[in-house]
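Colleague: Structure: input_19.csv, CSV, N, CA and C atoms.
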chain,number,residue,atom,x,y,z
A,1,MET,N,77.5,8.9,51.6
A,1,MET,CA,76.4,9.3,52.5
A,1,MET,C,76.7,10.5,53.2
A,2,VAL,N,75.9,11.5,53.3
A,2,VAL,CA,76.1,12.7,54.0
A,2,VAL,C,75.7,12.6,55.5
A,3,SER,N,76.6,12.9,56.4
A,3,SER,CA,76.2,12.8,57.8
A,3,SER,C,75.9,14.1,58.5
A,4,ASP,N,76.2,15.2,57.9
A,4,ASP,CA,75.9,16.5,58.5
A,4,ASP,C,75.4,17.5,57.3
A,5,PHE,N,74.5,18.3,57.7
A,5,PHE,CA,73.9,19.2,56.7
A,5,PHE,C,75.0,20.2,56.1
A,6,GLU,N,76.0,20.4,56.8
A,6,GLU,CA,77.0,21.3,56.3
A,6,GLU,C,77.8,20.8,55.1
A,7,GLU,N,77.7,19.5,54.9
A,7,GLU,CA,78.3,18.8,53.8
A,7,GLU,C,77.5,19.0,52.5
A,8,LEU,N,76.2,19.3,52.6
A,8,LEU,CA,75.4,19.5,51.4
A,8,LEU,C,75.8,20.7,50.6
A,9,SER,N,76.0,20.5,49.3
A,9,SER,CA,76.4,21.6,48.5
A,9,SER,C,75.3,22.7,48.4
A,10,ILE,N,74.1,22.3,48.6
A,10,ILE,CA,73.0,23.4,48.6
A,10,ILE,C,73.1,24.2,49.9
A,11,PHE,N,73.5,23.6,51.0
A,11,PHE,CA,73.7,24.4,52.2
A,11,PHE,C,74.9,25.4,52.0
A,12,GLN,N,76.0,24.9,51.4
A,12,GLN,CA,77.1,25.7,51.2
A,12,GLN,C,76.8,26.9,50.2
A,13,GLN,N,76.0,26.5,49.2
A,13,GLN,CA,75.6,27.6,48.2
A,13,GLN,C,74.7,28.6,48.8
A,14,SER,N,73.8,28.1,49.7
A,14,SER,CA,72.9,29.1,50.4
A,14,SER,C,73.7,30.0,51.3
A,15,ARG,N,74.7,29.5,51.9
A,15,ARG,CA,75.6,30.4,52.8
A,15,ARG,C,76.2,31.5,52.0
A,16,GLU,N,76.8,31.1,50.8
A,16,GLU,CA,77.4,32.1,49.9
A,16,GLU,C,76.4,33.1,49.5
A,17,LEU,N,75.2,32.7,49.1
A,17,LEU,CA,74.2,33.6,48.6
A,17,LEU,C,73.8,34.6,49.7
A,18,ALA,N,73.7,34.1,51.0
A,18,ALA,CA,73.3,34.9,52.1
A,18,ALA,C,74.4,36.0,52.4
A,19,LYS,N,75.7,35.5,52.2
A,19,LYS,CA,76.8,36.5,52.4
A,19,LYS,C,76.7,37.6,51.3
A,20,GLN,N,76.4,37.2,50.1
A,20,GLN,CA,76.2,38.2,49.0
A,20,GLN,C,75.1,39.2,49.4
A,21,VAL,N,74.0,38.7,49.9
A,21,VAL,CA,72.9,39.6,50.3
A,21,VAL,C,73.3,40.5,51.4
A,22,TYR,N,74.0,40.1,52.4
A,22,TYR,CA,74.5,40.9,53.5
A,22,TYR,C,75.4,42.0,52.9
A,23,MET,N,76.3,41.6,52.0
A,23,MET,CA,77.3,42.6,51.5
A,23,MET,C,76.6,43.7,50.7
A,24,ILE,N,75.7,43.3,49.8
A,24,ILE,CA,75.0,44.3,49.0
A,24,ILE,C,74.1,45.2,49.8
A,25,THR,N,73.5,44.7,50.8
A,25,THR,CA,72.5,45.5,51.6
A,25,THR,C,73.1,46.4,52.6
A,26,ARG,N,74.4,46.3,52.7
A,26,ARG,CA,75.2,47.2,53.6
A,26,ARG,C,75.5,48.5,53.0
A,27,GLU,N,75.3,48.6,51.7
A,27,GLU,CA,75.9,49.8,50.9
A,27,GLU,C,74.8,50.4,50.0
A,28,GLY,N,75.2,51.5,49.5
A,28,GLY,CA,74.3,52.2,48.5
A,28,GLY,C,73.0,52.6,48.9
A,29,LYS,N,72.0,52.5,48.0
A,29,LYS,CA,70.7,52.9,48.3
A,29,LYS,C,69.9,52.1,49.2
A,30,PHE,N,70.4,50.9,49.5
A,30,PHE,CA,69.7,50.0,50.5
A,30,PHE,C,69.5,50.7,51.8
A,31,LYS,N,70.4,51.6,52.2
A,31,LYS,CA,70.3,52.2,53.5
A,31,LYS,C,69.0,53.0,53.7
A,32,TYR,N,68.3,53.3,52.6
A,32,TYR,CA,67.1,54.1,52.7
A,32,TYR,C,65.9,53.2,52.8
A,33,ASP,N,66.0,51.9,52.8
A,33,ASP,CA,64.9,51.0,52.8
A,33,ASP,C,65.2,49.8,53.7
A,34,SER,N,65.1,50.0,55.0
A,34,SER,CA,65.5,49.0,56.0
A,34,SER,C,64.5,47.8,56.0
A,35,ARG,N,63.2,48.0,55.6
A,35,ARG,CA,62.3,46.9,55.6
A,35,ARG,C,62.7,46.0,54.5
A,36,PHE,N,63.0,46.5,53.3
A,36,PHE,CA,63.4,45.7,52.2
A,36,PHE,C,64.7,44.9,52.5
A,37,VAL,N,65.6,45.6,53.2
A,37,VAL,CA,66.9,44.9,53.6
A,37,VAL,C,66.5,43.7,54.5
A,38,GLN,N,65.6,44.0,55.5
A,38,GLN,CA,65.3,42.9,56.4
A,38,GLN,C,64.6,41.7,55.7
A,39,GLN,N,63.8,42.0,54.7
A,39,GLN,CA,63.1,41.0,53.9
A,39,GLN,C,64.1,40.1,53.2
A,40,MET,N,65.1,40.8,52.5
A,40,MET,CA,66.1,40.1,51.7
A,40,MET,C,67.0,39.2,52.6
A,41,ARG,N,67.4,39.8,53.8
A,41,ARG,CA,68.2,39.0,54.7
A,41,ARG,C,67.4,37.8,55.3
A,42,ALA,N,66.2,38.0,55.6
A,42,ALA,CA,65.4,36.9,56.1
A,42,ALA,C,65.2,35.8,55.1
A,43,ALA,N,64.9,36.2,53.9
A,43,ALA,CA,64.7,35.2,52.9
A,43,ALA,C,66.0,34.4,52.6
A,44,SER,N,67.1,35.1,52.5
A,44,SER,CA,68.4,34.4,52.3
A,44,SER,C,68.7,33.5,53.4
A,45,GLY,N,68.5,33.9,54.6
A,45,GLY,CA,68.8,33.1,55.8
A,45,GLY,C,67.9,31.9,55.9
A,46,SER,N,66.6,32.1,55.5
A,46,SER,CA,65.6,31.0,55.6
A,46,SER,C,66.0,29.8,54.7
A,47,ILE,N,66.7,30.1,53.6
A,47,ILE,CA,67.1,28.9,52.8
A,47,ILE,C,68.0,28.0,53.5
A,48,SER,N,69.1,28.5,54.1
A,48,SER,CA,70.0,27.6,54.8
A,48,SER,C,69.4,27.0,56.1
A,49,ASP,N,68.6,27.9,56.8
A,49,ASP,CA,68.0,27.4,58.0
A,49,ASP,C,67.1,26.3,57.8
A,50,ASN,N,66.3,26.3,56.7
A,50,ASN,CA,65.4,25.2,56.5
A,50,ASN,C,66.0,24.0,56.0
A,51,ILE,N,67.1,24.1,55.2
A,51,ILE,CA,67.9,22.9,54.8
A,51,ILE,C,68.4,22.3,56.1
A,52,ALA,N,69.0,23.0,57.0
A,52,ALA,CA,69.6,22.5,58.2
A,52,ALA,C,68.5,21.9,59.1
A,53,GLU,N,67.4,22.6,59.3
A,53,GLU,CA,66.3,22.1,60.2
A,53,GLU,C,65.7,20.8,59.7
A,54,GLY,N,65.5,20.7,58.4
A,54,GLY,CA,64.9,19.6,57.8
A,54,GLY,C,65.8,18.4,57.9
A,55,PHE,N,67.1,18.6,57.6
A,55,PHE,CA,68.1,17.5,57.7
A,55,PHE,C,68.2,17.0,59.1
A,56,GLU,N,68.2,17.8,60.1
A,56,GLU,CA,68.3,17.4,61.5
A,56,GLU,C,67.1,16.7,62.0
A,57,ARG,N,65.9,16.8,61.3
A,57,ARG,CA,64.7,16.0,61.7
A,57,ARG,C,64.9,14.5,61.5
A,58,GLN,N,65.8,14.2,60.7
A,58,GLN,CA,66.2,12.8,60.4
A,58,GLN,C,65.1,11.9,59.8
A,59,GLY,N,64.1,12.5,59.2
A,59,GLY,CA,63.1,11.8,58.5
A,59,GLY,C,62.9,12.4,57.1
A,60,ASN,N,62.8,11.5,56.2
A,60,ASN,CA,62.7,12.0,54.8
A,60,ASN,C,61.4,12.9,54.6
A,61,LYS,N,60.3,12.5,55.2
A,61,LYS,CA,59.1,13.3,55.0
A,61,LYS,C,59.3,14.8,55.5
A,62,GLU,N,59.9,14.9,56.7
A,62,GLU,CA,60.2,16.2,57.3
A,62,GLU,C,61.2,16.9,56.4
A,63,PHE,N,62.3,16.2,56.0
A,63,PHE,CA,63.3,16.8,55.2
A,63,PHE,C,62.7,17.4,53.9
A,64,LEU,N,61.9,16.6,53.3
A,64,LEU,CA,61.2,17.1,52.0
A,64,LEU,C,60.4,18.4,52.3
A,65,GLN,N,59.7,18.4,53.4
A,65,GLN,CA,58.9,19.6,53.7
A,65,GLN,C,59.7,20.8,53.9
A,66,PHE,N,60.9,20.7,54.6
A,66,PHE,CA,61.7,21.8,54.8
A,66,PHE,C,62.5,22.2,53.5
A,67,LEU,N,62.8,21.2,52.7
A,67,LEU,CA,63.5,21.5,51.4
A,67,LEU,C,62.5,22.3,50.5
A,68,PHE,N,61.2,22.0,50.5
A,68,PHE,CA,60.3,22.8,49.7
A,68,PHE,C,60.2,24.2,50.3
A,69,ILE,N,60.2,24.4,51.6
A,69,ILE,CA,60.2,25.7,52.2
A,69,ILE,C,61.5,26.5,51.7
A,70,ALA,N,62.6,25.8,51.8
A,70,ALA,CA,63.9,26.4,51.4
A,70,ALA,C,63.8,26.8,49.9
A,71,LYS,N,63.2,26.0,49.1
A,71,LYS,CA,63.1,26.3,47.6
A,71,LYS,C,62.2,27.5,47.5
A,72,GLY,N,61.1,27.6,48.3
A,72,GLY,CA,60.2,28.8,48.2
A,72,GLY,C,60.9,30.0,48.6
A,73,SER,N,61.8,29.9,49.7
A,73,SER,CA,62.5,31.1,50.1
A,73,SER,C,63.5,31.5,49.0
A,74,CYS,N,64.1,30.6,48.3
A,74,CYS,CA,65.0,30.9,47.2
A,74,CYS,C,64.2,31.7,46.1
A,75,GLY,N,63.0,31.2,45.8
A,75,GLY,CA,62.2,32.0,44.9
A,75,GLY,C,61.9,33.4,45.3
A,76,GLU,N,61.6,33.5,46.6
A,76,GLU,CA,61.3,34.8,47.2
A,76,GLU,C,62.5,35.7,47.1
A,77,LEU,N,63.7,35.2,47.4
A,77,LEU,CA,64.9,36.0,47.2
A,77,LEU,C,65.1,36.4,45.8
A,78,ARG,N,64.9,35.5,44.9
A,78,ARG,CA,65.0,35.8,43.4
A,78,ARG,C,64.1,37.0,43.1
A,79,SER,N,62.9,37.0,43.5
A,79,SER,CA,62.0,38.1,43.3
A,79,SER,C,62.5,39.4,43.9
A,80,GLN,N,63.1,39.3,45.0
A,80,GLN,CA,63.6,40.5,45.7
A,80,GLN,C,64.8,41.0,44.9
A,81,ILE,N,65.6,40.1,44.4
A,81,ILE,CA,66.8,40.5,43.6
A,81,ILE,C,66.3,41.3,42.4
A,82,ILE,N,65.3,40.8,41.7
A,82,ILE,CA,64.7,41.4,40.6
A,82,ILE,C,64.2,42.8,41.0
A,83,ARG,N,63.5,42.9,42.1
A,83,ARG,CA,63.0,44.2,42.5
A,83,ARG,C,64.1,45.2,42.9
A,84,ALA,N,65.2,44.6,43.5
A,84,ALA,CA,66.3,45.5,43.8
A,84,ALA,C,66.9,46.1,42.6
A,85,TYR,N,67.0,45.3,41.5
A,85,TYR,CA,67.6,45.8,40.3
A,85,TYR,C,66.6,46.8,39.6
A,86,ASP,N,65.3,46.5,39.6
A,86,ASP,CA,64.3,47.3,39.0
A,86,ASP,C,64.3,48.7,39.6
A,87,VAL,N,64.5,48.8,40.9
A,87,VAL,CA,64.5,50.1,41.6
A,87,VAL,C,65.8,50.8,41.7
A,88,GLY,N,66.8,50.2,41.1
A,88,GLY,CA,68.2,50.8,41.0
A,88,GLY,C,69.1,50.6,42.2
A,89,PHE,N,68.7,49.6,43.1
A,89,PHE,CA,69.5,49.3,44.3
A,89,PHE,C,70.8,48.5,43.9
A,90,ILE,N,70.7,47.7,42.8
A,90,ILE,CA,71.9,47.0,42.4
A,90,ILE,C,72.1,47.2,40.9
A,91,ASN,N,73.3,47.1,40.4
A,91,ASN,CA,73.6,47.2,39.0
A,91,ASN,C,73.4,45.9,38.3
A,92,LYS,N,73.5,45.9,37.0
A,92,LYS,CA,73.3,44.8,36.1
A,92,LYS,C,74.2,43.6,36.4
A,93,GLU,N,75.5,43.9,36.7
A,93,GLU,CA,76.5,42.9,37.0
A,93,GLU,C,76.1,42.1,38.3
A,94,ILE,N,75.8,42.8,39.3
A,94,ILE,CA,75.4,42.2,40.6
A,94,ILE,C,74.1,41.4,40.4
A,95,PHE,N,73.2,42.0,39.7
A,95,PHE,CA,71.9,41.4,39.4
A,95,PHE,C,72.1,40.0,38.7
A,96,ASN,N,72.9,40.0,37.6
A,96,ASN,CA,73.1,38.8,36.8
A,96,ASN,C,73.8,37.7,37.7
A,97,LYS,N,74.8,38.1,38.5
A,97,LYS,CA,75.4,37.1,39.4
A,97,LYS,C,74.5,36.5,40.4
A,98,MET,N,73.8,37.4,41.1
A,98,MET,CA,72.9,36.9,42.2
A,98,MET,C,71.7,36.1,41.6
A,99,TYR,N,71.2,36.6,40.5
A,99,TYR,CA,70.0,35.9,39.9
A,99,TYR,C,70.4,34.5,39.4
A,100,SER,N,71.6,34.4,38.8
A,100,SER,CA,72.1,33.2,38.4
A,100,SER,C,72.4,32.2,39.5
A,101,ASP,N,73.0,32.7,40.6
A,101,ASP,CA,73.2,31.9,41.8
A,101,ASP,C,71.9,31.4,42.4
A,102,CYS,N,70.9,32.3,42.4
A,102,CYS,CA,69.6,31.8,42.9
A,102,CYS,C,69.0,30.7,42.1
A,103,ARG,N,69.1,30.9,40.8
A,103,ARG,CA,68.5,29.9,39.9
A,103,ARG,C,69.3,28.5,40.1
A,104,LYS,N,70.6,28.6,40.2
A,104,LYS,CA,71.4,27.3,40.4
A,104,LYS,C,71.0,26.7,41.7
A,105,LEU,N,70.9,27.5,42.8
A,105,LEU,CA,70.5,27.0,44.1
A,105,LEU,C,69.1,26.3,44.1
A,106,GLY,N,68.2,27.0,43.4
A,106,GLY,CA,66.8,26.5,43.3
A,106,GLY,C,66.8,25.1,42.6
A,107,ALA,N,67.6,25.0,41.5
A,107,ALA,CA,67.7,23.8,40.8
A,107,ALA,C,68.4,22.7,41.6
A,108,GLY,N,69.4,23.1,42.4
A,108,GLY,CA,70.1,22.1,43.3
A,108,GLY,C,69.1,21.6,44.4
A,109,ILE,N,68.3,22.5,44.9
A,109,ILE,CA,67.3,22.1,46.0
A,109,ILE,C,66.3,21.1,45.3
A,110,LEU,N,65.8,21.4,44.1
A,110,LEU,CA,64.9,20.6,43.5
A,110,LEU,C,65.5,19.2,43.2
A,111,SER,N,66.8,19.2,42.8
A,111,SER,CA,67.4,17.9,42.5
A,111,SER,C,67.5,17.0,43.8
A,112,LEU,N,67.8,17.7,44.9
A,112,LEU,CA,67.9,16.9,46.2
A,112,LEU,C,66.5,16.4,46.5
A,113,ILE,N,65.4,17.2,46.3
A,113,ILE,CA,64.1,16.8,46.6
A,113,ILE,C,63.8,15.6,45.8
A,114,LYS,N,64.1,15.5,44.5
A,114,LYS,CA,63.8,14.4,43.7
A,114,LYS,C,64.6,13.1,44.2
A,115,SER,N,65.8,13.3,44.7
A,115,SER,CA,66.6,12.2,45.2
A,115,SER,C,66.0,11.7,46.5
A,116,VAL,N,65.6,12.6,47.4
A,116,VAL,CA,65.1,12.1,48.7
A,116,VAL,C,63.8,11.4,48.4
A,117,LYS,N,63.0,11.9,47.5
A,117,LYS,CA,61.7,11.2,47.1
A,117,LYS,C,62.0,9.7,46.7
A,118,SER,N,63.1,9.5,46.0
A,118,SER,CA,63.4,8.2,45.5
A,118,SER,C,63.9,7.2,46.5
A,119,PHE,N,64.3,7.7,47.7
A,119,PHE,CA,64.9,6.8,48.7
A,119,PHE,C,63.8,5.8,49.2
A,120,GLU,N,64.2,4.6,49.4
A,120,GLU,CA,63.3,3.6,50.0
A,120,GLU,C,63.2,3.8,51.5
A,121,SER,N,64.3,4.2,52.1
A,121,SER,CA,64.3,4.4,53.6
A,121,SER,C,63.5,5.6,53.9
A,122,LYS,N,62.9,5.6,55.1
A,122,LYS,CA,62.1,6.7,55.5
A,122,LYS,C,63.0,7.8,56.2
A,123,GLY,N,64.2,7.4,56.5
A,123,GLY,CA,65.1,8.3,57.2
A,123,GLY,C,65.8,7.6,58.4
A,124,SER,N,66.9,8.3,58.9
A,124,SER,CA,67.7,7.6,59.9
A,124,SER,C,66.9,7.5,61.2
A,125,LYS,N,65.9,8.3,61.5
A,125,LYS,CA,65.2,8.1,62.8
A,125,LYS,C,64.3,6.9,62.8
A,126,TYR,N,64.1,6.3,61.7
A,126,TYR,CA,63.3,5.1,61.6
A,126,TYR,C,64.1,3.8,61.6
A,127,MET,N,65.5,3.9,61.7
A,127,MET,CA,66.3,2.7,61.7
A,127,MET,C,66.5,2.2,63.1
Using structure tokens, write down the structure from this file.

Modeller:
Amino acid sequence: MVSDFEELSIFQQSRELAKQVYMITREGKFKYDSRFVQQMRAASGSISDNIAEGFERQGNKEFLQFLFIAKGSCGELRSQIIRAYDVGFINKEIFNKMYSDCRKLGAGILSLIKSVKSFESKGSKYM
């Protein structure tokens, strides 16, 4: 049983992905597009923030709602990674790594969504 959101592998993966976003947006051609940088950083941070907020609500219904938002933010970030590659802000190697990491994280969030849906308990706040 997980007692803190920091223990969730999807939270840990989202932190790593956000660090990658911050690293790549500090260099190269990104410096010419501050709005795009802000969007990528916001989307990447939204993933972990929503996982944490949903977990802390202590109810499965709320947790599911926030997991779906986190999954949506993960998709948003994946789209931004594609756009960053398309306009030449990142190379193929960085694109492949980040795109793959996003896909894995999205699949992990979906897996947790399915698990939470199968729980009989409504969450710890109902105990």

Colleague: Give me the residues near range 26-31 of chain A as a short mmCIF file (atom, residue, chain, number, x, y, z; two decimals) with N, CA and C atoms, keeping the file's coordinate frame, where near means some atom within 12 Å (using only C-alpha atoms) and where sequence neighbours in that chain fewer than 3 positions away do not count.

Modeller:
data_model
loop_
_atom_site.label_atom_id
_atom_site.label_comp_id
_atom_site.auth_asym_id
_atom_site.auth_seq_id
_atom_site.Cartn_x
_atom_site.Cartn_y
_atom_site.Cartn_z
N LYS A 19 75.70 35.50 52.20
CA LYS A 19 76.80 36.50 52.40
C LYS A 19 76.70 37.60 51.30
N GLN A 20 76.40 37.20 50.10
CA GLN A 20 76.20 38.20 49.00
C GLN A 20 75.10 39.20 49.40
N VAL A 21 74.00 38.70 49.90
CA VAL A 21 72.90 39.60 50.30
C VAL A 21 73.30 40.50 51.40
N TYR A 22 74.00 40.10 52.40
CA TYR A 22 74.50 40.90 53.50
C TYR A 22 75.40 42.00 52.90
N MET A 23 76.30 41.60 52.00
CA MET A 23 77.30 42.60 51.50
C MET A 23 76.60 43.70 50.70
N SER A 34 65.10 50.00 55.00
CA SER A 34 65.50 49.00 56.00
C SER A 34 64.50 47.80 56.00
N ARG A 35 63.20 48.00 55.60
CA ARG A 35 62.30 46.90 55.60
C ARG A 35 62.70 46.00 54.50
N PHE A 36 63.00 46.50 53.30
CA PHE A 36 63.40 45.70 52.20
C PHE A 36 64.70 44.90 52.50
N VAL A 37 65.60 45.60 53.20
CA VAL A 37 66.90 44.90 53.60
C VAL A 37 66.50 43.70 54.50
N GLN A 38 65.60 44.00 55.50
CA GLN A 38 65.30 42.90 56.40
C GLN A 38 64.60 41.70 55.70
N GLN A 39 63.80 42.00 54.70
CA GLN A 39 63.10 41.00 53.90
C GLN A 39 64.10 40.10 53.20
N MET A 40 65.10 40.80 52.50
CA MET A 40 66.10 40.10 51.70
C MET A 40 67.00 39.20 52.60
N ARG A 41 67.40 39.80 53.80
CA ARG A 41 68.20 39.00 54.70
C ARG A 41 67.40 37.80 55.30
N ARG A 83 63.50 42.90 42.10
CA ARG A 83 63.00 44.20 42.50
C ARG A 83 64.10 45.20 42.90
N ALA A 84 65.20 44.60 43.50
CA ALA A 84 66.30 45.50 43.80
C ALA A 84 66.90 46.10 42.60
N TYR A 85 67.00 45.30 41.50
CA TYR A 85 67.60 45.80 40.30
C TYR A 85 66.60 46.80 39.60
N VAL A 87 64.50 48.80 40.90
CA VAL A 87 64.50 50.10 41.60
C VAL A 87 65.80 50.80 41.70
N GLY A 88 66.80 50.20 41.10
CA GLY A 88 68.20 50.80 41.00
C GLY A 88 69.10 50.60 42.20
N PHE A 89 68.70 49.60 43.10
CA PHE A 89 69.50 49.30 44.30
C PHE A 89 70.80 48.50 43.90
N ILE A 90 70.70 47.70 42.80
CA ILE A 90 71.90 47.00 42.40
C ILE A 90 72.10 47.20 40.90
N ASN A 91 73.30 47.10 40.40
CA ASN A 91 73.60 47.20 39.00
C ASN A 91 73.40 45.90 38.30
#

Colleague: Please compute the CA of Asp33 in chain A-atom N of Phe95 in chain A distance, one decimal, in Å.

Modeller: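 Computing the Euclidean distance for CA of Asp33 in chain A and atom N of Phe95 in chain A yields 17.9 Å.
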
Colleague: Provide the CA of Lys61 in chain A to atom C of Met98 in chain A distance in Å, to one decimal place.

Modeller: 29.3 Å

Colleague: Under the rule that only N, CA and C atoms are counted, which of A:Ser73, A:Gln12, A:Ser100, A:Ser3 is the nearest residue to Ser46 in chain A?

Modeller: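 The shortest atom-to-atom distance to Ser46 in chain A comes from A:Ser73.
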
Colleague: Could you list, as number ranges by chain, every residue within 9 Å of range 48-58 of chain A, counting only C-alpha atoms and ignoring same-chain residues fewer than 4 positions away?

Modeller: A: 4-6, 8, 10-15, 18, 44, 62-70, 109, 122-126

Colleague: Rounded to one decimal, what separation in Å do you get between CA of Lys92 in chain A and CA of Ser111 in chain A?

Modeller: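 Between these atoms lies a distance of 28.3 Å.
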
Colleague: Name the residues of range 2-127 of chain A that come out as alpha helix (DSSP H) in a backbone DSSP run; write them as JSON, numbers by chain.

Modeller: {"A": [9, 10, 11, 12, 13, 14, 15, 16, 17, 18, 19, 20, 21, 22, 23, 24, 34, 35, 36, 37, 38, 39, 40, 41, 42, 43, 44, 45, 46, 47, 48, 49, 50, 51, 52, 53, 54, 55, 56, 60, 61, 62, 63, 64, 65, 66, 67, 68, 69, 70, 71, 72, 73, 74, 75, 76, 77, 78, 79, 80, 81, 82, 83, 84, 85, 86, 92, 93, 94, 95, 96, 97, 98, 99, 100, 101, 102, 103, 104, 105, 106, 107, 108, 109, 110, 111, 112, 113, 114, 115, 116, 117, 118]}

Colleague: For Arg103 in chain A, which residue out of A:Val2, A:Gly75, A:Gly45, A:Ser118 is the nearest one, using only N, CA and C atoms?

Modeller: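 The closest residue to Arg103 in chain A is A:Gly75.
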
Colleague: Return the single residue from A:Gly72, A:Leu17, A:Lys117, A:Gly59 that is closest to Asp101 in chain A, with distances computed using only N, CA and C atoms.

Modeller: A:Leu17
